[in-house]
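Enquirer: Handing over my_file33.txt, compact mmCIF, C-alpha atoms.
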# COMPACT_ATOMS: atom_id res chain seq x y z
CA MET P 29 12.74 -9.82 8.91
CA ARG P 30 11.02 -9.98 5.58
CA ARG P 31 11.76 -11.41 2.20
CA TYR P 32 12.22 -8.99 -0.64
CA GLU P 33 12.94 -9.20 -4.27
CA LEU P 34 14.80 -6.32 -5.82
CA MET P 35 15.21 -5.74 -9.52
CA ILE P 36 17.76 -3.20 -10.65
CA ILE P 37 18.45 -1.79 -14.10
CA LEU P 38 22.00 -0.52 -14.35
CA ASP P 39 23.59 1.80 -16.85
CA PRO P 40 24.64 -0.17 -19.97
CA THR P 41 27.90 1.75 -20.24
CA LEU P 42 29.05 0.03 -17.07
CA GLU P 43 31.60 -2.69 -17.71
CA GLU P 44 30.40 -6.24 -17.22
CA ARG P 45 33.04 -7.13 -14.65
CA VAL P 46 32.32 -4.19 -12.36
CA VAL P 47 28.62 -5.10 -12.13
CA THR P 48 28.89 -7.68 -9.36
CA PRO P 49 31.25 -5.65 -7.14
CA GLN P 50 28.98 -2.67 -7.66
CA LEU P 51 25.95 -4.67 -6.53
CA GLU P 52 27.86 -5.99 -3.54
CA GLN P 53 28.66 -2.45 -2.59
CA PHE P 54 24.96 -1.52 -2.72
CA LEU P 55 24.00 -4.52 -0.65
CA GLU P 56 26.55 -3.70 2.03
CA VAL P 57 23.85 -1.77 3.90
CA VAL P 58 21.68 -4.90 4.12
CA ARG P 59 24.45 -7.03 5.57
CA LYS P 60 25.47 -4.31 7.99
CA ASP P 61 21.96 -4.09 9.43
CA GLY P 62 21.72 -7.80 10.03
CA GLY P 63 19.91 -8.79 6.85
CA SER P 64 21.04 -11.46 4.45
CA VAL P 65 21.39 -11.60 0.69
CA GLU P 66 20.03 -14.87 -0.62
CA LYS P 67 20.75 -14.70 -4.30
CA ILE P 68 22.13 -12.31 -6.88
CA ASP P 69 21.09 -13.06 -10.41
CA VAL P 70 22.70 -10.87 -13.06
CA TRP P 71 20.73 -11.16 -16.28
CA GLY P 72 23.25 -9.11 -18.18
CA ARG P 73 22.67 -6.66 -20.99
CA ARG P 74 19.12 -6.59 -22.29
CA ARG P 75 17.17 -4.43 -24.67
CA LEU P 76 14.71 -2.11 -22.98
CA ALA P 77 11.15 -2.06 -24.25
CA TYR P 78 11.45 1.72 -24.41
CA ASP P 79 14.25 4.20 -23.82
CA ILE P 80 15.13 5.18 -20.27
CA GLU P 81 17.33 8.25 -19.90
CA LYS P 82 18.02 8.05 -23.64
CA LYS P 83 19.42 4.55 -23.31
CA SER P 84 18.00 1.63 -25.22
CA GLU P 85 19.79 -1.07 -23.24
CA GLY P 86 20.25 -1.89 -19.60
CA ILE P 87 22.00 -4.36 -17.36
CA TYR P 88 19.40 -6.25 -15.37
CA ALA P 89 19.97 -7.81 -11.98
CA VAL P 90 17.59 -9.51 -9.59
CA VAL P 91 18.45 -9.81 -5.91
CA ASP P 92 16.64 -11.91 -3.31
CA LEU P 93 17.20 -10.74 0.22
CA ASN P 94 15.99 -10.86 3.78
CA ALA P 95 15.94 -7.60 5.69
CA GLU P 96 14.03 -5.26 7.95
CA PRO P 97 11.64 -2.86 6.22
CA GLY P 98 13.69 0.16 7.28
CA THR P 99 16.89 -1.29 5.88
CA VAL P 100 15.36 -2.06 2.55
CA LYS P 101 13.90 1.42 2.34
CA GLU P 102 17.34 2.89 2.90
CA LEU P 103 18.77 0.58 0.24
CA ASP P 104 16.19 1.71 -2.28
CA ARG P 105 16.87 5.34 -1.43
CA GLN P 106 20.60 4.89 -1.99
CA LEU P 107 19.99 3.13 -5.28
CA GLY P 108 17.81 5.98 -6.42
CA LEU P 109 20.60 8.45 -5.72
CA ASN P 110 23.18 6.51 -7.68
CA GLU P 111 23.72 7.64 -11.25
CA ALA P 112 24.59 4.17 -12.48
CA VAL P 113 21.11 2.92 -11.57
CA LEU P 114 18.46 3.54 -14.18
CA ARG P 115 15.54 2.02 -12.31
CA THR P 116 14.71 -0.23 -9.40
CA LYS P 117 11.76 -2.27 -8.32
CA LEU P 118 11.32 -3.61 -4.85
CA MET P 119 8.75 -6.32 -4.34
CA ARG P 120 7.69 -8.73 -1.68
CA PRO P 121 7.22 -12.01 -3.49
CA GLU P 122 4.05 -13.74 -2.40
CA ARG P 123 4.26 -17.11 -0.76
CA HIS P 124 4.44 -19.58 -3.60
CA MET G 28 -39.36 -17.14 -30.85
CA ALA G 29 -35.92 -18.39 -30.15
CA LYS G 30 -33.35 -18.60 -32.86
CA PRO G 31 -33.18 -22.07 -34.34
CA THR G 32 -29.56 -22.71 -33.57
CA ALA G 33 -28.24 -20.88 -30.57
CA ARG G 34 -24.46 -20.76 -30.95
CA LYS G 35 -22.67 -22.34 -28.07
CA PRO G 36 -19.44 -20.49 -27.50
CA LYS G 37 -16.61 -22.73 -26.49
CA LYS G 38 -16.08 -22.35 -22.79
CA LYS G 39 -12.54 -21.13 -22.14
CA VAL G 40 -10.77 -22.24 -19.02
CA CYS G 41 -8.43 -19.97 -17.15
CA LEU G 42 -4.86 -20.98 -18.01
CA PHE G 43 -3.60 -20.31 -14.51
CA CYS G 44 -6.31 -22.30 -12.76
CA GLN G 45 -5.64 -25.14 -15.14
CA GLU G 46 -1.91 -25.10 -14.52
CA LYS G 47 -2.43 -24.35 -10.85
CA ILE G 48 -0.14 -21.34 -10.94
CA SER G 49 -0.83 -19.22 -7.88
CA TYR G 50 1.66 -16.44 -8.48
CA VAL G 51 2.01 -14.58 -11.76
CA ASP G 52 5.61 -13.43 -12.04
CA TYR G 53 6.22 -10.08 -13.71
CA LYS G 54 9.66 -11.30 -14.82
CA ASP G 55 8.20 -14.05 -16.99
CA THR G 56 7.80 -11.98 -20.13
CA ALA G 57 7.34 -14.97 -22.40
CA LEU G 58 4.17 -15.87 -20.52
CA LEU G 59 2.91 -12.30 -20.18
CA ARG G 60 3.35 -11.66 -23.89
CA LYS G 61 0.51 -14.08 -24.52
CA PHE G 62 -1.77 -11.66 -22.73
CA ILE G 63 -0.93 -8.51 -24.64
CA SER G 64 -1.92 -7.60 -28.16
CA ASP G 65 0.64 -6.75 -30.82
CA ARG G 66 0.05 -3.10 -29.96
CA GLY G 67 1.07 -3.82 -26.40
CA LYS G 68 -2.40 -3.58 -24.90
CA ILE G 69 -3.59 -5.99 -22.25
CA ARG G 70 -6.03 -8.52 -23.68
CA ALA G 71 -9.54 -8.47 -22.25
CA ARG G 72 -10.81 -11.28 -20.10
CA ARG G 73 -13.35 -12.31 -22.73
CA VAL G 74 -10.40 -12.88 -25.06
CA THR G 75 -8.03 -14.58 -22.64
CA GLY G 76 -10.65 -16.57 -20.79
CA ASN G 77 -8.96 -15.93 -17.47
CA CYS G 78 -10.89 -15.98 -14.23
CA THR G 79 -11.40 -12.73 -12.35
CA GLN G 80 -8.56 -13.17 -9.90
CA HIS G 81 -6.01 -14.34 -12.42
CA GLN G 82 -6.88 -11.64 -14.93
CA ARG G 83 -6.20 -9.16 -12.17
CA ASP G 84 -2.88 -10.80 -11.33
CA VAL G 85 -1.87 -10.85 -14.98
CA ALA G 86 -2.79 -7.20 -15.42
CA SER G 87 -0.73 -6.08 -12.46
CA ALA G 88 2.19 -8.30 -13.50
CA ILE G 89 2.13 -6.70 -16.95
CA LYS G 90 2.06 -3.23 -15.41
CA ASN G 91 5.03 -4.09 -13.22
CA ALA G 92 6.89 -5.47 -16.21
CA ARG G 93 6.15 -2.28 -18.13
CA GLU G 94 7.64 -0.18 -15.37
CA MET G 95 10.85 -2.16 -15.67
CA ALA G 96 10.90 -1.84 -19.47
CA LEU G 97 10.43 -5.59 -19.92
CA LEU G 98 7.22 -5.02 -21.86
CA PRO G 99 6.25 -2.01 -23.96
CA TYR G 100 3.57 0.48 -22.98
CA THR G 101 2.83 0.84 -26.67
CA SER G 102 4.49 -0.78 -29.64
CA ALA G 103 5.17 1.13 -32.83
CA THR G 104 2.04 2.92 -33.93
CA ARG G 105 1.41 0.89 -37.07
Once you've parsed the file, please lay out its structure as structure tokens.
Expert:
Amino acid sequence: MRRYELMIILDPTLEERVVTPQLEQFLEVVRKDGGSVEKIDVWGRRRLAYDIEKKSEGIYAVVDLNAEPGTVKELDRQLGLNEAVLRTKLMRPERH
Amino acid sequence: MAKPTARKPKKKVCLFCQEKISYVDYKDTALLRKFISDRGKIRARRVTGNCTQHQRDVASAIKNAREMALLPYTSATR
């Protein structure tokens, strides 16, 4: 089990109230494989420093989770396939 | 013959060593913005006064932040 930090930029056309359920749906794979989701922090709509897919805004979310490397890889793959996801970044936060 | 008055540059101390910050977070854009120029370029160590390790950490944090569109790669060419 390892700690990961996942940042996701979602499509700004997504409605605010569907964001959390959508994230939960993504994170289903983590829970199913015995991992745990520590924290979901939705930053909300934010201006992008440059356009991504012709969009100048994005909905940011940061997720802290514990999972096996394989699980997290699968999660990132699924996120990449989803059209509502503009970009993701998966990091292992260093011990503080 | 040495110059009469050798200028003593003020010794800069690395901000992160001073504050004892061990991990530079790429999400902390307010902090990282101090280390980029108004054109969006990363400031050199001789400007920031950071130590080798922290300059490295800052640089990679900025690059991570750029990937996530938190910081610009370039800002408006003049």
Enquirer: Rank nothing, just name the residue among G:Asp84, G:Thr101, G:Val74, G:Lys54 nearest to Leu34 (chain P), using only C-alpha atoms.
Expert: G:Lys54
Enquirer: Using all atoms listed in the file and a cut-off of 8 Å, which residues of chain P sit close to chain G? Please list them as a VMD selection string.
Expert: chain P and resid 37 76 to 78 115 to 117 122 124
Enquirer: State, in Å with one decimal place, the distance from CA of Trp71 (chain P) to CA of Arg70 (chain G).
Expert: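 Those two atoms sit 27.9 Å apart.
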Enquirer: At a cut-off of 8 Å from (20.7, -10.8, -17.4) in the coordinates of the file, what residues are picked up using all atoms listed in the file, written as a PDB file with C-alpha atoms, keeping the file's coordinate frame?
Expert:
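Contents of the output file result.pdb:
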ATOM      1  CA  ASP P  69      21.090 -13.060 -10.410  1.00  0.00           C
ATOM      2  CA  VAL P  70      22.700 -10.870 -13.060  1.00  0.00           C
ATOM      3  CA  TRP P  71      20.730 -11.160 -16.280  1.00  0.00           C
ATOM      4  CA  GLY P  72      23.250  -9.110 -18.180  1.00  0.00           C
ATOM      5  CA  ARG P  73      22.670  -6.660 -20.990  1.00  0.00           C
ATOM      6  CA  ARG P  74      19.120  -6.590 -22.290  1.00  0.00           C
ATOM      7  CA  ILE P  87      22.000  -4.360 -17.360  1.00  0.00           C
ATOM      8  CA  TYR P  88      19.400  -6.250 -15.370  1.00  0.00           C
ATOM      9  CA  ALA P  89      19.970  -7.810 -11.980  1.00  0.00           C
TER      10      ALA P  89
END
Enquirer: Nearest to Glu44 (chain P) among P:Gly62, P:Gly86, P:Lys101, P:Ile80, with distances taken over all atoms listed in the file: which residue is it?
Expert: P:Gly86
Enquirer: Separation of CA of Glu81 (chain P) and CA of Leu55 (chain P), in Å?
Expert: 24.0 Å
Enquirer: Just write chain P with C-alpha atoms, as a CSV table (one decimal), in the first residue's frame, taken from the block above.
Expert:
chain,number,residue,atom,x,y,z
P,29,MET,CA,0.0,0.0,0.0
P,30,ARG,CA,1.3,3.4,-0.9
P,31,ARG,CA,0.2,6.9,-0.5
P,32,TYR,CA,-0.7,8.9,-3.6
P,33,GLU,CA,-1.9,12.3,-4.4
P,34,LEU,CA,-3.9,12.7,-7.5
P,35,MET,CA,-4.8,16.0,-9.1
P,36,ILE,CA,-7.6,16.0,-11.7
P,37,ILE,CA,-8.7,18.8,-14.0
P,38,LEU,CA,-12.3,18.3,-15.1
P,39,ASP,CA,-14.2,19.8,-18.0
P,40,PRO,CA,-15.6,23.2,-16.9
P,41,THR,CA,-18.9,22.5,-18.7
P,42,LEU,CA,-19.6,19.9,-16.0
P,43,GLU,CA,-22.2,21.0,-13.5
P,44,GLU,CA,-20.9,21.7,-10.0
P,45,ARG,CA,-23.1,19.3,-8.3
P,46,VAL,CA,-22.2,16.3,-10.4
P,47,VAL,CA,-18.5,16.8,-9.7
P,48,THR,CA,-18.3,14.9,-6.4
P,49,PRO,CA,-20.4,11.9,-7.6
P,50,GLN,CA,-18.3,11.8,-10.7
P,51,LEU,CA,-15.1,11.6,-8.7
P,52,GLU,CA,-16.6,9.0,-6.4
P,53,GLN,CA,-17.4,6.9,-9.5
P,54,PHE,CA,-13.7,7.2,-10.6
P,55,LEU,CA,-12.5,6.2,-7.2
P,56,GLU,CA,-14.7,3.2,-7.1
P,57,VAL,CA,-11.8,1.1,-8.5
P,58,VAL,CA,-9.6,2.1,-5.6
P,59,ARG,CA,-12.1,1.0,-3.0
P,60,LYS,CA,-12.8,-2.2,-4.8
P,61,ASP,CA,-9.2,-3.2,-4.8
P,62,GLY,CA,-8.8,-2.7,-1.1
P,63,GLY,CA,-7.4,0.8,-1.2
P,64,SER,CA,-8.8,3.8,0.7
P,65,VAL,CA,-9.6,7.3,-0.2
P,66,GLU,CA,-8.3,9.7,2.5
P,67,LYS,CA,-9.5,13.1,1.3
P,68,ILE,CA,-11.2,14.6,-1.7
P,69,ASP,CA,-10.6,18.3,-2.0
P,70,VAL,CA,-12.6,20.0,-4.8
P,71,TRP,CA,-11.0,23.4,-5.6
P,72,GLY,CA,-13.8,24.3,-7.9
P,73,ARG,CA,-13.6,26.3,-11.1
P,74,ARG,CA,-10.3,27.9,-11.8
P,75,ARG,CA,-8.7,29.8,-14.6
P,76,LEU,CA,-6.1,27.8,-16.5
P,77,ALA,CA,-2.7,29.4,-17.1
P,78,TYR,CA,-3.1,28.4,-20.7
P,79,ASP,CA,-5.9,26.8,-22.8
P,80,ILE,CA,-6.3,23.0,-22.6
P,81,GLU,CA,-8.5,21.5,-25.4
P,82,LYS,CA,-9.7,25.0,-26.2
P,83,LYS,CA,-10.9,25.6,-22.7
P,84,SER,CA,-9.7,28.4,-20.5
P,85,GLU,CA,-11.2,27.1,-17.3
P,86,GLY,CA,-11.2,23.9,-15.4
P,87,ILE,CA,-12.6,22.3,-12.3
P,88,TYR,CA,-9.7,21.2,-10.1
P,89,ALA,CA,-9.8,18.4,-7.6
P,90,VAL,CA,-7.1,16.9,-5.4
P,91,VAL,CA,-7.5,13.4,-4.0
P,92,ASP,CA,-5.4,11.8,-1.3
P,93,LEU,CA,-5.5,8.0,-1.4
P,94,ASN,CA,-3.8,4.8,-0.3
P,95,ALA,CA,-3.6,2.0,-2.9
P,96,GLU,CA,-1.5,-0.6,-4.6
P,97,PRO,CA,0.6,0.6,-7.5
P,98,GLY,CA,-1.3,-1.5,-9.9
P,99,THR,CA,-4.7,-0.1,-8.8
P,100,VAL,CA,-3.5,3.5,-9.1
P,101,LYS,CA,-2.2,2.8,-12.6
P,102,GLU,CA,-5.6,1.4,-13.6
P,103,LEU,CA,-7.3,4.5,-12.1
P,104,ASP,CA,-5.0,6.8,-14.1
P,105,ARG,CA,-5.7,4.9,-17.2
P,106,GLN,CA,-9.4,5.1,-16.8
P,107,LEU,CA,-9.2,8.8,-16.1
P,108,GLY,CA,-7.3,9.3,-19.3
P,109,LEU,CA,-10.0,7.6,-21.3
P,110,ASN,CA,-12.7,9.8,-19.8
P,111,GLU,CA,-13.8,12.7,-21.9
P,112,ALA,CA,-14.7,14.8,-18.9
P,113,VAL,CA,-11.1,14.7,-17.6
P,114,LEU,CA,-8.8,17.3,-19.1
P,115,ARG,CA,-5.7,16.3,-17.3
P,116,THR,CA,-4.4,14.3,-14.4
P,117,LYS,CA,-1.3,14.2,-12.3
P,118,LEU,CA,-0.4,11.4,-10.0
P,119,MET,CA,2.2,12.0,-7.4
P,120,ARG,CA,3.7,10.3,-4.4
P,121,PRO,CA,4.0,13.0,-1.8
P,122,GLU,CA,7.3,12.9,0.0
P,123,ARG,CA,7.3,12.3,3.7
P,124,HIS,CA,6.9,15.7,5.2
